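Source file: model_13.cif (mmCIF, C-alpha atoms and all ligand atoms)
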```
data_final
#
loop_
_atom_site.group_PDB
_atom_site.id
_atom_site.type_symbol
_atom_site.label_atom_id
_atom_site.label_comp_id
_atom_site.auth_asym_id
_atom_site.auth_seq_id
_atom_site.Cartn_x
_atom_site.Cartn_y
_atom_site.Cartn_z
ATOM 1 C CA MET J 93 102.418 -33.990 54.174
ATOM 2 C CA GLN J 94 100.843 -32.887 57.432
ATOM 3 C CA LYS J 95 100.926 -33.789 61.121
ATOM 4 C CA GLN J 96 98.372 -33.044 63.794
ATOM 5 C CA TYR J 97 98.316 -32.479 67.524
ATOM 6 C CA LYS J 98 94.826 -32.324 69.013
ATOM 7 C CA ASP J 99 92.983 -29.798 66.821
ATOM 8 C CA PHE J 100 96.176 -28.162 65.539
ATOM 9 C CA VAL J 101 97.568 -29.173 62.143
ATOM 10 C CA CYS J 102 100.918 -28.384 60.567
ATOM 11 C CA ASP J 103 101.382 -28.929 56.865
ATOM 12 C CA LEU J 104 104.130 -28.485 54.308
ATOM 13 C CA MET J 105 103.695 -27.130 50.811
ATOM 14 C CA ARG J 106 105.724 -25.795 47.932
ATOM 15 C CA ALA J 107 104.595 -22.267 46.978
ATOM 16 C CA ASP J 108 105.455 -18.596 46.943
ATOM 17 C CA ILE J 109 104.505 -17.388 50.434
ATOM 18 C CA THR J 110 103.254 -14.066 49.056
ATOM 19 C CA THR J 111 100.345 -15.968 47.459
ATOM 20 C CA ILE J 112 99.208 -17.536 50.750
ATOM 21 C CA LYS J 113 95.968 -16.413 52.398
ATOM 22 C CA ALA J 114 96.475 -16.773 56.139
ATOM 23 C CA ASP J 115 95.945 -14.648 59.240
ATOM 24 C CA ALA J 116 99.702 -14.030 59.055
ATOM 25 C CA ILE J 117 102.604 -14.918 56.842
ATOM 26 C CA VAL J 118 106.075 -14.736 58.320
ATOM 27 C CA ASN J 119 108.805 -12.720 56.650
ATOM 28 C CA ALA J 120 112.432 -13.855 56.842
ATOM 29 C CA ALA J 121 113.551 -10.327 57.600
ATOM 30 C CA ASN J 122 116.797 -8.712 58.674
ATOM 31 C CA THR J 123 117.422 -6.619 61.754
ATOM 32 C CA SER J 124 116.860 -3.335 59.907
ATOM 33 C CA LEU J 125 113.254 -4.214 58.954
ATOM 34 C CA LEU J 126 113.898 -2.137 55.830
ATOM 35 C CA GLY J 127 113.593 -4.974 53.324
ATOM 36 C CA GLY J 128 116.045 -7.042 51.352
ATOM 37 C CA GLY J 129 115.974 -9.933 48.928
ATOM 38 C CA GLY J 130 114.445 -13.416 49.057
ATOM 39 C CA VAL J 131 111.202 -13.668 51.017
ATOM 40 C CA ASP J 132 111.741 -10.151 52.363
ATOM 41 C CA GLY J 133 112.035 -8.696 48.886
ATOM 42 C CA ALA J 134 109.020 -10.596 47.597
ATOM 43 C CA ILE J 135 106.787 -9.564 50.508
ATOM 44 C CA HIS J 136 107.652 -5.885 50.181
ATOM 45 C CA ALA J 137 107.428 -5.938 46.390
ATOM 46 C CA ARG J 138 103.994 -7.577 46.316
ATOM 47 C CA GLY J 139 102.677 -6.143 49.564
ATOM 48 C CA GLY J 140 103.384 -2.582 48.609
ATOM 49 C CA PRO J 141 104.810 0.430 50.472
ATOM 50 C CA SER J 142 102.431 0.300 53.452
ATOM 51 C CA ILE J 143 104.390 -2.615 54.922
ATOM 52 C CA LEU J 144 107.650 -0.673 54.845
ATOM 53 C CA GLU J 145 105.894 2.340 56.331
ATOM 54 C CA GLU J 146 104.746 0.241 59.282
ATOM 55 C CA CYS J 147 108.242 -1.212 59.655
ATOM 56 C CA LYS J 148 109.611 2.342 59.838
ATOM 57 C CA GLN J 149 107.061 3.132 62.572
ATOM 58 C CA ILE J 150 108.313 0.108 64.526
ATOM 59 C CA ARG J 151 111.870 1.403 64.123
ATOM 60 C CA ALA J 152 110.825 4.885 65.228
ATOM 61 C CA LEU J 153 109.340 3.422 68.417
ATOM 62 C CA ASN J 154 112.551 1.495 68.936
ATOM 63 C CA GLY J 155 115.116 4.294 68.866
ATOM 64 C CA ASN J 156 115.300 4.103 65.082
ATOM 65 C CA ARG J 157 116.637 0.596 65.307
ATOM 66 C CA GLY J 158 115.008 -2.532 63.966
ATOM 67 C CA ILE J 159 114.801 -5.747 65.943
ATOM 68 C CA ALA J 160 117.419 -8.245 67.071
ATOM 69 C CA PRO J 161 118.039 -11.722 65.662
ATOM 70 C CA GLY J 162 115.442 -14.051 67.181
ATOM 71 C CA GLU J 163 112.849 -11.295 67.582
ATOM 72 C CA ALA J 164 109.668 -10.721 65.581
ATOM 73 C CA ALA J 165 107.322 -7.810 64.844
ATOM 74 C CA LEU J 166 103.793 -7.575 63.407
ATOM 75 C CA THR J 167 102.595 -5.342 60.590
ATOM 76 C CA GLY J 168 99.692 -5.308 58.184
ATOM 77 C CA ALA J 169 100.030 -7.103 54.856
ATOM 78 C CA GLY J 170 99.266 -4.303 52.380
ATOM 79 C CA ASN J 171 98.157 -5.788 49.041
ATOM 80 C CA LEU J 172 98.960 -9.381 49.989
ATOM 81 C CA PRO J 173 96.180 -11.978 50.416
ATOM 82 C CA ALA J 174 97.361 -12.547 53.989
ATOM 83 C CA SER J 175 95.941 -10.355 56.749
ATOM 84 C CA ASN J 176 99.215 -9.649 58.570
ATOM 85 C CA VAL J 177 102.975 -10.055 58.192
ATOM 86 C CA ILE J 178 105.136 -11.139 61.107
ATOM 87 C CA HIS J 179 108.696 -10.034 60.414
ATOM 88 C CA ALA J 180 111.099 -12.463 62.084
ATOM 89 C CA VAL J 181 114.895 -12.264 62.050
ATOM 90 C CA GLY J 182 116.729 -15.559 61.944
ATOM 91 C CA PRO J 183 120.421 -16.047 62.693
ATOM 92 C CA ILE J 184 123.169 -15.796 60.115
ATOM 93 C CA TYR J 185 124.704 -19.280 60.167
ATOM 94 C CA ARG J 186 128.361 -19.095 61.231
ATOM 95 C CA GLY J 187 129.136 -22.758 61.784
ATOM 96 C CA GLY J 188 126.700 -23.523 64.599
ATOM 97 C CA THR J 189 128.774 -22.372 67.563
ATOM 98 C CA SER J 190 127.312 -18.883 67.942
ATOM 99 C CA ASN J 191 123.927 -19.789 69.428
ATOM 100 C CA GLU J 192 122.392 -20.054 65.962
ATOM 101 C CA ALA J 193 120.056 -22.879 66.999
ATOM 102 C CA GLU J 194 118.726 -20.937 69.989
ATOM 103 C CA ILE J 195 118.223 -17.797 67.913
ATOM 104 C CA LEU J 196 116.434 -19.683 65.136
ATOM 105 C CA SER J 197 114.151 -21.365 67.660
ATOM 106 C CA ALA J 198 113.461 -18.009 69.320
ATOM 107 C CA ALA J 199 112.457 -16.510 65.973
ATOM 108 C CA TYR J 200 109.769 -19.175 65.534
ATOM 109 C CA THR J 201 108.687 -18.944 69.183
ATOM 110 C CA ASN J 202 108.300 -15.168 68.983
ATOM 111 C CA CYS J 203 106.144 -15.519 65.858
ATOM 112 C CA LEU J 204 103.928 -17.979 67.747
ATOM 113 C CA LYS J 205 103.734 -15.652 70.751
ATOM 114 C CA ILE J 206 102.491 -12.866 68.478
ATOM 115 C CA ALA J 207 100.003 -15.270 66.900
ATOM 116 C CA GLN J 208 98.716 -16.184 70.356
ATOM 117 C CA GLN J 209 98.585 -12.571 71.528
ATOM 118 C CA TYR J 210 96.569 -11.519 68.464
ATOM 119 C CA GLN J 211 94.416 -14.653 68.443
ATOM 120 C CA LEU J 212 95.517 -15.628 64.943
ATOM 121 C CA ILE J 213 94.113 -18.941 63.701
ATOM 122 C CA SER J 214 96.463 -19.598 60.774
ATOM 123 C CA ILE J 215 100.108 -18.795 60.109
ATOM 124 C CA ALA J 216 102.479 -19.529 57.236
ATOM 125 C CA PHE J 217 106.238 -19.789 57.726
ATOM 126 C CA PRO J 218 109.037 -19.705 55.187
ATOM 127 C CA SER J 219 112.186 -21.653 55.932
ATOM 128 C CA ILE J 220 113.818 -18.934 58.005
ATOM 129 C CA SER J 221 117.606 -18.515 57.662
ATOM 130 C CA THR J 222 118.139 -21.267 55.067
ATOM 131 C CA GLY J 223 118.621 -18.864 52.148
ATOM 132 C CA ALA J 224 120.962 -15.891 52.313
ATOM 133 C CA TYR J 225 121.665 -16.671 55.957
ATOM 134 C CA GLY J 226 123.068 -20.068 55.058
ATOM 135 C CA TYR J 227 121.532 -22.293 57.717
ATOM 136 C CA PRO J 228 121.791 -26.000 56.782
ATOM 137 C CA VAL J 229 118.255 -26.910 55.769
ATOM 138 C CA GLU J 230 117.808 -30.260 57.570
ATOM 139 C CA GLU J 231 118.994 -28.813 60.888
ATOM 140 C CA ALA J 232 116.879 -25.689 60.426
ATOM 141 C CA ALA J 233 113.848 -27.843 59.622
ATOM 142 C CA ARG J 234 114.399 -29.880 62.805
ATOM 143 C CA ILE J 235 114.551 -26.703 64.863
ATOM 144 C CA ALA J 236 111.544 -25.144 63.112
ATOM 145 C CA LEU J 237 109.221 -28.145 63.407
ATOM 146 C CA SER J 238 110.194 -29.060 66.957
ATOM 147 C CA THR J 239 109.831 -25.457 68.121
ATOM 148 C CA VAL J 240 106.345 -25.165 66.609
ATOM 149 C CA PHE J 241 105.112 -28.460 68.061
ATOM 150 C CA ASP J 242 106.692 -27.886 71.478
ATOM 151 C CA PHE J 243 105.017 -24.457 71.668
ATOM 152 C CA VAL J 244 101.611 -25.711 70.531
ATOM 153 C CA ARG J 245 101.647 -28.819 72.762
ATOM 154 C CA ASP J 246 102.484 -26.687 75.791
ATOM 155 C CA ALA J 247 99.871 -24.041 74.966
ATOM 156 C CA LEU J 248 97.140 -26.626 74.357
ATOM 157 C CA ASP J 249 98.064 -28.891 77.285
ATOM 158 C CA ASN J 250 98.643 -26.058 79.735
ATOM 159 C CA PRO J 251 96.220 -23.264 78.808
ATOM 160 C CA PRO J 252 97.230 -19.879 80.248
ATOM 161 C CA THR J 253 95.516 -18.708 83.418
ATOM 162 C CA VAL J 254 94.040 -15.253 83.780
ATOM 163 C CA ASP J 255 97.260 -14.245 85.571
ATOM 164 C CA ASP J 256 99.324 -15.031 82.495
ATOM 165 C CA PHE J 257 97.893 -12.076 80.585
ATOM 166 C CA VAL J 258 97.845 -14.079 77.375
ATOM 167 C CA PRO J 259 94.717 -15.491 75.768
ATOM 168 C CA PRO J 260 94.324 -19.203 75.079
ATOM 169 C CA LEU J 261 96.010 -20.310 71.873
ATOM 170 C CA ALA J 262 93.660 -19.752 68.935
ATOM 171 C CA LEU J 263 96.144 -21.089 66.385
ATOM 172 C CA ARG J 264 94.852 -24.174 64.575
ATOM 173 C CA LYS J 265 97.009 -24.272 61.440
ATOM 174 C CA ALA J 266 100.659 -23.652 60.634
ATOM 175 C CA THR J 267 101.923 -24.124 57.103
ATOM 176 C CA PHE J 268 105.570 -24.255 56.101
ATOM 177 C CA VAL J 269 105.684 -22.745 52.619
ATOM 178 C CA LEU J 270 108.849 -23.983 50.936
ATOM 179 C CA PHE J 271 110.156 -22.442 47.762
ATOM 180 C CA ASP J 272 111.895 -25.384 46.095
ATOM 181 C CA GLU J 273 111.682 -29.179 45.949
ATOM 182 C CA ALA J 274 114.942 -29.701 47.845
ATOM 183 C CA THR J 275 113.784 -27.648 50.826
ATOM 184 C CA LEU J 276 110.319 -29.252 50.773
ATOM 185 C CA GLY J 277 111.971 -32.672 50.690
ATOM 186 C CA ALA J 278 114.155 -31.812 53.686
ATOM 187 C CA TYR J 279 111.157 -30.679 55.730
ATOM 188 C CA GLU J 280 109.215 -33.810 54.727
ATOM 189 C CA ARG J 281 112.100 -36.057 55.810
ATOM 190 C CA VAL J 282 112.427 -34.248 59.123
ATOM 191 C CA MET J 283 108.680 -34.266 59.796
ATOM 192 C CA HIS J 284 108.522 -37.965 58.970
ATOM 193 C CA ALA J 285 111.550 -38.771 61.124
ATOM 194 C CA MET J 286 110.142 -36.849 64.075
ATOM 195 C CA GLY J 287 107.024 -38.989 63.876
ATOM 196 C CA ILE J 288 105.133 -35.891 64.856
ATOM 197 C CA SER J 289 101.537 -36.757 65.478
HETATM 198 N N1 LIG Q 301 108.179 -17.716 49.275
HETATM 199 C C1 LIG Q 301 108.613 -18.702 50.099
HETATM 200 N N2 LIG Q 301 109.916 -18.952 50.338
HETATM 201 C C2 LIG Q 301 110.820 -18.164 49.695
HETATM 202 C C3 LIG Q 301 110.453 -17.104 48.838
HETATM 203 C C4 LIG Q 301 109.061 -16.903 48.636
HETATM 204 N N3 LIG Q 301 108.608 -15.922 47.837
HETATM 205 N N4 LIG Q 301 111.595 -16.505 48.370
HETATM 206 C C5 LIG Q 301 112.622 -17.172 48.901
HETATM 207 N N5 LIG Q 301 112.172 -18.176 49.697
HETATM 208 C C6 LIG Q 301 112.926 -19.159 50.476
HETATM 209 C C7 LIG Q 301 114.372 -19.334 50.127
HETATM 210 O O1 LIG Q 301 114.510 -20.188 48.996
HETATM 211 C C8 LIG Q 301 114.870 -19.978 51.413
HETATM 212 O O2 LIG Q 301 114.562 -21.356 51.397
HETATM 213 O O3 LIG Q 301 112.935 -18.709 51.821
HETATM 214 C C9 LIG Q 301 114.042 -19.305 52.505
HETATM 215 C C10 LIG Q 301 114.765 -18.209 53.259
HETATM 216 O O4 LIG Q 301 115.601 -17.497 52.358
HETATM 217 P P1 LIG Q 301 115.840 -15.913 52.457
HETATM 218 O O5 LIG Q 301 114.657 -15.205 51.972
HETATM 219 O O6 LIG Q 301 117.165 -15.644 51.831
HETATM 220 O O7 LIG Q 301 115.918 -15.623 54.041
HETATM 221 P P2 LIG Q 301 117.106 -15.862 55.082
HETATM 222 O O8 LIG Q 301 117.972 -17.012 54.710
HETATM 223 O O9 LIG Q 301 116.404 -15.862 56.407
HETATM 224 O O10 LIG Q 301 117.987 -14.548 54.937
HETATM 225 C C11 LIG Q 301 117.412 -13.332 55.342
HETATM 226 O O11 LIG Q 301 117.996 -12.274 53.296
HETATM 227 O O12 LIG Q 301 116.456 -11.368 51.883
HETATM 228 C C12 LIG Q 301 117.352 -11.067 52.865
HETATM 229 O O13 LIG Q 301 116.433 -9.126 53.949
HETATM 230 C C13 LIG Q 301 116.667 -10.523 54.091
HETATM 231 O O14 LIG Q 301 118.725 -9.929 55.098
HETATM 232 C C14 LIG Q 301 117.671 -10.867 55.129
HETATM 233 C C15 LIG Q 301 118.194 -12.213 54.695
#
```

Conversion result in C-alpha cells:
Amino acid sequence: MQKQYKDFVCDLMRADITTIKADAIVNAANTSLLGGGGVDGAIHARGGPSILEECKQIRALNGNRGIAPGEAALTGAGNLPASNVIHAVGPIYRGGTSNEAEILSAAYTNCLKIAQQYQLISIAFPSISTGAYGYPVEEAARIALSTVFDFVRDALDNPPTVDDFVPPLALRKATFVLFDEATLGAYERVMHAMGIS
C-alpha cells in the first residue's frame, strides 16, 4: 500500500530493515546509542563496528551521553546496503500520560529534519517504540504516518527561505518497513483510515 502527496510517496512493506537500500534507514535506538536488541541489534550486527564507533563519537561530543527520547542522530551505515543510519529514540510507553505521543512524533520529525538537512531523497522507518518499548501499534502508526505527512506537506507547500538556513526538502520517498504481518496490517488500516493522498 502507498499514498502520495505531490511528488512524495510513502509506502509500507514487510521486510528486515537491514536489507533496505535507501539514503537512510532509521534505527529504533535507545538513549545510550550503544546498541541493544530488535532493530538496534540487527543494524549493529549487520552494519558492523563502524556504526558503533560513530555512535561513540557522538557521545564523546555530547559529554559522553547519548541522546534524549525524541532526538535523532546520523551515522554512516557500515556494511549495510543503506547509505546512512539515523538513530532515533522513541518513548517507552507508560500508559500514554507521560508525553509519549509528543516524544514519538518528535522522533519522526527529527529524522525528517536530518533528512532535509542532508538532502536525503529516500528514508526507511521501522515502527519506532512498538517493540521493547511497548507502544500500542495502531496509535503509534497514527502518530508516525500523520507526523510524516504533516512534515512533508508543510515542507513542500511552504519551501524554506534563504533565511531559514535549511535547504528545500529533497525527500521523495519514505518507506515504513514492518517486521511482521500484524504490524503491517495495523499500518495499512491506519493509512487507509487516514485517507492520506
Ligand atoms: N527490521 C524491521 N523492523 C524490525 C526489525 C528489523 N530487523 N527487528 C525488529 N523490528 C520491529 C519490531 O518487531 C517492532 O515492530 O521494529 C519495531 C520496534 O521494535 P524494537 O526494535 O524493540 O524497538 P523499540 O520498541 O523502539 O525499543 C527500542 O529496544 O532494541 C532495543 O536498543 C533498543 O533499547 C532500545 C529499545

Between J:Leu204, J:Leu276, J:Ala160, J:Glu230, which one has atoms that come closest to Leu261 of chain J, using all atoms listed in the file?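 Result for the nearest residue to Leu261 of chain J: J:Leu204.
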
Determine, counting only C-alpha atoms, which protein, DNA and RNA residues have an atom within 12 Å of an atom of Tyr200 of chain J; residues of the same chain fewer than 5 positions away are not included. Present the result as a ChimeraX atom specification. /J:118-120,161-165,178-183,193-195,205-207,215-221,232-244,266,268

Interface rows for chain J against ligand LIG 301 (chain Q): nearest pair, Å to one decimal, 8 Å, only C-alpha atoms and all ligand atoms, as a Markdown table:
```
| residue | atom | partner | partner_atom | distance |
| --- | --- | --- | --- | --- |
| J:Arg106 | CA | Q:LIG301 | C1 | 8.0 |
| J:Ala107 | CA | Q:LIG301 | C1 | 6.2 |
| J:Asp108 | CA | Q:LIG301 | N1 | 3.7 |
| J:Ile109 | CA | Q:LIG301 | N1 | 3.9 |
| J:Thr110 | CA | Q:LIG301 | N3 | 5.8 |
| J:Asn119 | CA | Q:LIG301 | O5 | 7.9 |
| J:Ala120 | CA | Q:LIG301 | O9 | 4.5 |
| J:Ala121 | CA | Q:LIG301 | C13 | 4.7 |
| J:Asn122 | CA | Q:LIG301 | C14 | 4.2 |
| J:Thr123 | CA | Q:LIG301 | O14 | 7.5 |
| J:Leu125 | CA | Q:LIG301 | O13 | 7.7 |
| J:Leu126 | CA | Q:LIG301 | O13 | 7.7 |
| J:Gly127 | CA | Q:LIG301 | O13 | 5.1 |
| J:Gly128 | CA | Q:LIG301 | O13 | 3.4 |
| J:Gly129 | CA | Q:LIG301 | O12 | 3.3 |
| J:Gly130 | CA | Q:LIG301 | O5 | 3.4 |
| J:Val131 | CA | Q:LIG301 | N4 | 3.9 |
| J:Asp132 | CA | Q:LIG301 | O12 | 4.9 |
| J:Gly133 | CA | Q:LIG301 | O12 | 6.0 |
| J:Ala134 | CA | Q:LIG301 | N3 | 5.3 |
| J:Ile135 | CA | Q:LIG301 | N3 | 7.1 |
| J:Val181 | CA | Q:LIG301 | O9 | 6.9 |
| J:Gly182 | CA | Q:LIG301 | O9 | 5.6 |
| J:Pro183 | CA | Q:LIG301 | O9 | 7.5 |
| J:Ile184 | CA | Q:LIG301 | O10 | 7.4 |
| J:Pro218 | CA | Q:LIG301 | N2 | 5.0 |
| J:Ser219 | CA | Q:LIG301 | C9 | 4.5 |
| J:Ile220 | CA | Q:LIG301 | O9 | 4.3 |
| J:Ser221 | CA | Q:LIG301 | O9 | 3.2 |
| J:Thr222 | CA | Q:LIG301 | O8 | 4.3 |
| J:Gly223 | CA | Q:LIG301 | O8 | 3.2 |
| J:Ala224 | CA | Q:LIG301 | O6 | 3.8 |
| J:Tyr225 | CA | Q:LIG301 | O8 | 3.9 |
| J:Gly226 | CA | Q:LIG301 | O8 | 6.0 |
| J:Tyr227 | CA | Q:LIG301 | O8 | 7.0 |
| J:Val229 | CA | Q:LIG301 | O2 | 8.0 |
| J:Val269 | CA | Q:LIG301 | C1 | 5.6 |
| J:Leu270 | CA | Q:LIG301 | N2 | 5.2 |
| J:Phe271 | CA | Q:LIG301 | N2 | 4.3 |
| J:Asp272 | CA | Q:LIG301 | O1 | 6.5 |
| J:Thr275 | CA | Q:LIG301 | O2 | 6.4 |
```

* To do: Report the residues retrieved by the PyMOL selection byres (((chain J and resi 167) around 7) and not hetatm) from the displayed file, expressed as a PyMOL selection string.
  => chain J and resi 143+146+165-166+168-169+176-178

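Candidate residues J:Met105, J:Gln94, J:Asn154, J:Gly140 were compared for distance to Gly277 of chain J, and the nearest is J:Met105, using only C-alpha atoms.
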
Atom pair atom CA of Ala174 of chain J + atom CA of Ala114 of chain J, distance 4.8 Å
